[in-house]
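In what follows, a single structure is set out as structure tokens and then discussed.
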Amino acid sequence: MSAPEIRPATEADLPAITAIYQQAVREGTATFELDPPDLAEMTRRYRVLVDGGYPYFVAIVDGSIAGYAYAGAYRPRPAYRFTVENSIYLNPAFHRRGIGSLLLDRLISECEGRGFRQMIAVIGDSANAGSVGVHTRGGFKMIGTHPNVGLKFGRWLDTVMMQRDLGEGAKTVPGK
């Protein structure tokens with residue numbers, strides 16, 4: 001395996017991104033979405049994020065998209081404008097190779113550069129040790145668990161909440 005390249009995602013990457021996410025929806029508990037979105041919906045979501053000034057990256061390994069990550073609004077109200085929520089999804093063939101951490105590190109750096117101050121991770125399924133580990137290594141702290149808030153595959157699932165400061169965090173108040 002060659003060293004992963006992390007670069008901004010383009011619309012040309014969306015078929016591969018869609019396939020990765022569809023598999024996560026169909027087979028996993030990292031997302032509580034139940035019906036896999038099609039390419040048109042994933043394209044709409046991508047455009048909302050990129051047009052909104054949020055970063056969106058892919059990891060390329062040996063010419064293939066191994067995973068992707070993006071940040072988006074944590075909540076829509078203006079008071080949350082300096083807080084983002086991150087998402088990271090990998091092709092299962094590339095799990096446990098450090099790619100999730102590379103994507104998260106790039107996302108953190110880019111969000112800091114764009115003036116965001118807090119990053120929230122909402123991790124589906126408290127048993128998702130891989131995601132909890134990636135976020136812990138990325139400087140996130142556990143802030144809580146919402147027990148039994150999602151029902152998928154006939155069982156109740158928790159969400160784990162983790163958070164980290166970006167840049168100056170809450171030490172100062174941004175100008176706008």
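Within each chain, counting starts at residue 1; across the structure tokens, chains are named A, B, ... in the order shown, with ligands numbered 1 upward in that order.
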Quick one: residues within 12 Å of Leu102 (chain A), only C-alpha atoms counted, chain neighbours fewer than 2 positions away excluded, as a ChimeraX atom specification? /A:3-7,57-60,66-69,88,90,96-100,104-109,134-135,137-138
Those same residues, written as an mmCIF file, in the first residue's frame with C-alpha atoms?
data_model
loop_
_atom_site.group_PDB
_atom_site.id
_atom_site.type_symbol
_atom_site.label_atom_id
_atom_site.label_comp_id
_atom_site.auth_asym_id
_atom_site.auth_seq_id
_atom_site.Cartn_x
_atom_site.Cartn_y
_atom_site.Cartn_z
ATOM 1 C CA ALA A 3 1.184 6.312 1.454
ATOM 2 C CA PRO A 4 -2.309 7.806 1.471
ATOM 3 C CA GLU A 5 -2.837 11.151 -0.219
ATOM 4 C CA ILE A 6 -5.366 13.429 1.473
ATOM 5 C CA ARG A 7 -6.873 16.012 -0.885
ATOM 6 C CA PHE A 57 -11.569 15.516 1.902
ATOM 7 C CA VAL A 58 -10.840 12.122 0.376
ATOM 8 C CA ALA A 59 -8.004 9.725 1.101
ATOM 9 C CA ILE A 60 -6.478 8.172 -2.017
ATOM 10 C CA ALA A 66 -10.084 4.673 0.645
ATOM 11 C CA GLY A 67 -12.269 7.032 2.659
ATOM 12 C CA TYR A 68 -13.567 10.532 3.110
ATOM 13 C CA ALA A 69 -14.175 13.087 5.814
ATOM 14 C CA ILE A 88 -15.354 10.117 8.641
ATOM 15 C CA LEU A 90 -13.714 4.436 5.237
ATOM 16 C CA ARG A 96 -7.041 -0.085 10.826
ATOM 17 C CA ARG A 97 -4.375 1.455 8.589
ATOM 18 C CA GLY A 98 -4.281 4.947 10.084
ATOM 19 C CA ILE A 99 -6.297 6.532 7.273
ATOM 20 C CA GLY A 100 -9.096 7.702 9.563
ATOM 21 C CA LEU A 104 -9.233 13.674 10.918
ATOM 22 C CA ASP A 105 -5.896 15.473 11.337
ATOM 23 C CA ARG A 106 -6.344 17.233 7.987
ATOM 24 C CA LEU A 107 -9.940 18.112 8.829
ATOM 25 C CA ILE A 108 -8.916 19.588 12.195
ATOM 26 C CA SER A 109 -6.169 21.654 10.596
ATOM 27 C CA VAL A 134 -9.418 7.702 16.233
ATOM 28 C CA HIS A 135 -11.062 10.646 17.954
ATOM 29 C CA ARG A 137 -5.890 10.013 19.384
ATOM 30 C CA GLY A 138 -7.027 13.208 17.631
#
Can you tell me, as a PDB file with C-alpha atoms, in the first residue's frame, what residues are no more than 12 Å from Thr18 (chain A) when counting only C-alpha atoms, ignoring any on the same chain fewer than 2 positions away?
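Okay, this is what ended up in part-v5.pdb:
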ATOM      1  CA  GLU A  11     -17.723  15.967  -7.586  1.00  0.00           C
ATOM      2  CA  ALA A  12     -15.858  13.329  -9.614  1.00  0.00           C
ATOM      3  CA  ASP A  13     -15.179  11.516  -6.303  1.00  0.00           C
ATOM      4  CA  LEU A  14     -18.849  11.296  -5.363  1.00  0.00           C
ATOM      5  CA  PRO A  15     -19.633   7.888  -6.939  1.00  0.00           C
ATOM      6  CA  ALA A  16     -16.915   6.266  -4.776  1.00  0.00           C
ATOM      7  CA  ILE A  20     -18.612   3.811   0.792  1.00  0.00           C
ATOM      8  CA  TYR A  21     -21.498   5.513   2.570  1.00  0.00           C
ATOM      9  CA  GLN A  22     -24.137   3.175   1.137  1.00  0.00           C
ATOM     10  CA  GLN A  23     -22.228   0.217   2.556  1.00  0.00           C
ATOM     11  CA  ALA A  24     -21.976   1.958   5.939  1.00  0.00           C
ATOM     12  CA  VAL A  25     -25.741   2.528   5.932  1.00  0.00           C
ATOM     13  CA  PRO A  36     -28.753   4.463   1.591  1.00  0.00           C
ATOM     14  CA  PRO A  37     -28.879   7.773  -0.288  1.00  0.00           C
ATOM     15  CA  ASP A  38     -28.256   7.722  -4.019  1.00  0.00           C
ATOM     16  CA  LEU A  39     -25.640   9.690  -5.930  1.00  0.00           C
ATOM     17  CA  ALA A  40     -27.998  12.614  -6.534  1.00  0.00           C
ATOM     18  CA  GLU A  41     -28.626  13.003  -2.804  1.00  0.00           C
ATOM     19  CA  MET A  42     -24.942  12.643  -1.940  1.00  0.00           C
ATOM     20  CA  THR A  43     -24.154  15.288  -4.560  1.00  0.00           C
ATOM     21  CA  ARG A  44     -26.729  17.623  -3.010  1.00  0.00           C
ATOM     22  CA  ARG A  45     -25.234  17.092   0.456  1.00  0.00           C
ATOM     23  CA  TYR A  46     -21.701  17.650  -0.846  1.00  0.00           C
ATOM     24  CA  ILE A  65     -10.676   6.370  -2.699  1.00  0.00           C
ATOM     25  CA  GLY A  67     -12.269   7.032   2.659  1.00  0.00           C
ATOM     26  CA  TYR A  68     -13.567  10.532   3.110  1.00  0.00           C
ATOM     27  CA  TYR A  89     -16.132   7.010   6.589  1.00  0.00           C
ATOM     28  CA  LEU A  90     -13.714   4.436   5.237  1.00  0.00           C
ATOM     29  CA  ASN A  91     -13.964   1.622   2.744  1.00  0.00           C
TER      30      ASN A  91
END
Spatial neighbours of Arg114 (chain A), max dist 10 Å, only C-alpha atoms, sep filter under 5 positions, as a PyMOL selection string: chain A and resi 53-55+82+108-109+167
Filtered DSSP result for chain A, state alpha helix (DSSP H), as a PyMOL selection string: chain A and resi 14-27+39-51+99-113+129-137
Which value, in Å to one decimal, gives the distance between CA of Val84 (chain A) and CA of Ala9 (chain A)? 18.1 Å
Would you mind reading off the distance between CA of Phe140 (chain A) and CA of Arg164 (chain A), one decimal, in Å? 4.6 Å
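Closest approach to Tyr70 (chain A) from the set A:Ala127, A:Phe32, A:Met162, A:Pro8 is made by A:Pro8, with distances taken over only C-alpha atoms.
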Report, in Å with one decimal, the straight-line distance from CA of Thr29 (chain A) to CA of Lys152 (chain A).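 CA of Thr29 (chain A) sits 7.4 Å away from CA of Lys152 (chain A).
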Can you list, as a list in words, every protein, DNA or RNA residue that comes within 10 Å of Asn128 (chain A) when you count only C-alpha atoms, leaving out same-chain residues fewer than 4 positions away?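 My list of contacting residues is Gly28, Thr29, Ala30, Ile123, Gly124, Val132, Gly133, Asp158, Thr159 and Val160 of chain A.
When only C-alpha atoms are used to compute distances to Pro147 (chain A), the closest of the residues A:Gly130, A:Thr10, A:Asp125, A:Pro78 turns out to be A:Asp125.
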Got a sec to tell me which of chain A DSSP assigns to strand (DSSP E or B), as a PyMOL selection string? chain A and resi 5-8+56-61+64-73+83-90+118-124+141-152+155-165
